[in-house]
Amino acid sequence: MTSTGRTSSGGQAVLPGHGWNRTVAGGQPSLTVGAEEELLLIDPVSRAVSGQAETVVAEAAGVLGDRVGPELTRYQVEVRTEPHTSLAEFAEQVRSTRQAVVRAAARHGLRVMSSGSPVLGQVFPPPLTAGPRYTLSAEMFGALDDEQCACACHIHVGVPDLATALQISNRLRPWIPALIALTGNSPFWAGRDTGYASWRTTTWGRWPVAGPPPFFESLSHFEDLVAGFIATGSVMDRGGLYWDIRPSHHVPTLEFRVADAMATPGETVLLAGLIRAMAATALQATTAGDPVSQPGPEVLRAACWRAAKDGLAGQGIDLTTGQLSPAVNQIDQLLSWVQPALHDHGDTELVNSLWARLRSTGSGADRQRTAYRRRYRLTDVVDHLISTTDASH
């Protein structure tokens with residue numbers, strides 16, 4: 001529920017400056033990319049979540065500084081990258097940042113796992129982090145906070161202004177279900193298989209301003225919506241806009257909040273490279289004046305539900321036909337659409353190879369269930385997640 005970067009005097013986290021003055025091979029702006037990842041702390045004996053985030057954050061801050069911080073619950077630690085134009089450099093920082101938290105946790109007898117949801121432990125209600133914002137959230141939204149021990153991977157892409165961010169958001173709304181399927185990594189919740197690839201997606205959908213963003217007719221349309229949400233108490237402030245894609249309220253980025261916490265560093269890199277290429281492709285289409293697809297909100301909502309249910313291994317709703325088609329085919333279509341932008345940013349080989357690996361091994365949700373089926377022990381799922389959190393692949 002926080003945002004990427006260092007802490008400002010107002011208590012909000014802010015991302016170091018995103019550049020907009022470089023160009024790539026195609027003459028388009030070179031978009032910066034950054035990430036924030038939410039990780040879970042684990043007791044190595046019980047494999048249940050552990051509420052020692054404050055201790056681990058303080059330990060990890062010796063290495064990461066203000067790129068590590070608390071989250072809503074004391075089970076969670078949030079880590080942040082700096083903005084990067086090089087995806088390879090971004091990848092290295094994702095790995096080193098995770099490793100720093102893993103080592104900090106180990107010094108206190110704990111482990112770290114990257115999963116969209118806790119597998120074992122007393123998670124309902126979770127122990128909340130102390131602080132005025134979290135206290136106010138509990139007062140305003142009550143039991144909605146009780147199931148928010150859910151972890152996401154948020155990708156930030158640099159944009160020049162709010163109007164541009166809204167135009168990019170409009171063009172990328174139809175691809176939200178595909179991203180949900182690609183990133184599903186939360187099939188288990190508090191000791192049971194939910195039947196979903198991304199249970200986190202369904203829990204976040206309960207918030208009053210969450211899920212796919214609306215189609216914004218104009219900058220004033222966006223501002224009027226936000227003002228109304230704040231005036232009616234639907235959100236605390238602009239930081240409470242929990243849409244799957246949202247303009248940042250304090251830094252010049254468009255934030256993609258759709259993904260579960262990714263099991264491996266490589267999957268975070270895949271997601272970041274893909275999203276940056278999507279944003280660049282949408283930006284170019286906006287400049288060219290290409291038509292914008294506007295699926296109805298009810299159809300888009302159903303497609304998101306189906307993607308959260310089936311994940312990468314199942315079927316998704318094709319928004320152009322209204323029919324089911326394999327989720328992997330939709331990802332292939334998405335990658336085909338953004339290949340020119342991947343090439344312009346020099347990311348083609350890395351992103352395509354990471355997608356090929358994920359397609360062959362299955363999504364995070366698929367691999368969690370595979371780990372469970374070996375001996376039908378949820379502790380094996382936790383051990384699997386611990387082993388992949390700071391792995392090199």
# chains A, B, ... in the order shown; residues from 1 in each chain; ligands from 1
call {"tool": "residues_around", "arguments": {"residues": "range 371-374 of chain A", "least_positions_apart": "5", "cutoff": "12 Å", "atoms": "only C-alpha atoms", "output": "MDAnalysis selection string"}}
result
chainID A and resid 119 187:188 191:193 364:366 379:385 387
call {"tool": "residues_around", "arguments": {"residues": "Pro291 in chain A", "least_positions_apart": "3", "cutoff": "12 Å", "atoms": "only C-alpha atoms", "output": "VMD selection string"}}
result
chain A and resid 167 170 to 171 282 284 to 288 294
call {"tool": "write_last_selection", "arguments": {"atoms": "C-alpha atoms", "output": "PDB file, in the first residue's frame"}}
result
ATOM      1  CA  GLN A 167      -3.764   7.896 -22.511  1.00  0.00           C
ATOM      2  CA  ASN A 170      -6.653   3.728 -21.707  1.00  0.00           C
ATOM      3  CA  ARG A 171      -4.793   1.752 -24.365  1.00  0.00           C
ATOM      4  CA  ALA A 282       0.812   2.587 -26.406  1.00  0.00           C
ATOM      5  CA  GLN A 284       3.564   5.493 -30.046  1.00  0.00           C
ATOM      6  CA  ALA A 285      -0.032   4.561 -30.906  1.00  0.00           C
ATOM      7  CA  THR A 286      -1.231   7.676 -29.086  1.00  0.00           C
ATOM      8  CA  THR A 287       1.178   9.863 -31.027  1.00  0.00           C
ATOM      9  CA  ALA A 288      -0.006   8.273 -34.277  1.00  0.00           C
ATOM     10  CA  GLN A 294     -12.731   0.128 -25.242  1.00  0.00           C
TER      11      GLN A 294
END
call {"tool": "closest_residue", "arguments": {"among": "A:Thr164, A:Asn329, A:Thr264, A:Ser50", "to": "Pro247 in chain A", "atoms": "only C-alpha atoms"}}
result
A:Thr164
call {"tool": "residues_around", "arguments": {"residues": "Glu267 in chain A", "least_positions_apart": "6", "cutoff": "10 Å", "atoms": "only C-alpha atoms", "output": "list in words"}}
result
Ala91, Leu182, Thr183, Ala261, Gly273, Val351, Leu354, Trp355, Arg357, Leu358, Ser363, Gly364 and His393 of chain A
call {"tool": "residues_around", "arguments": {"residues": "Asp43 in chain A", "least_positions_apart": "4", "cutoff": "7 Å", "atoms": "only C-alpha atoms", "output": "PyMOL selection string"}}
result
chain A and resi 47-50+110-111
call {"tool": "closest_residue", "arguments": {"among": "A:Leu39, A:Leu241, A:Ala272, A:Ala178", "to": "Arg306 in chain A", "atoms": "only C-alpha atoms"}}
result
A:Ala178
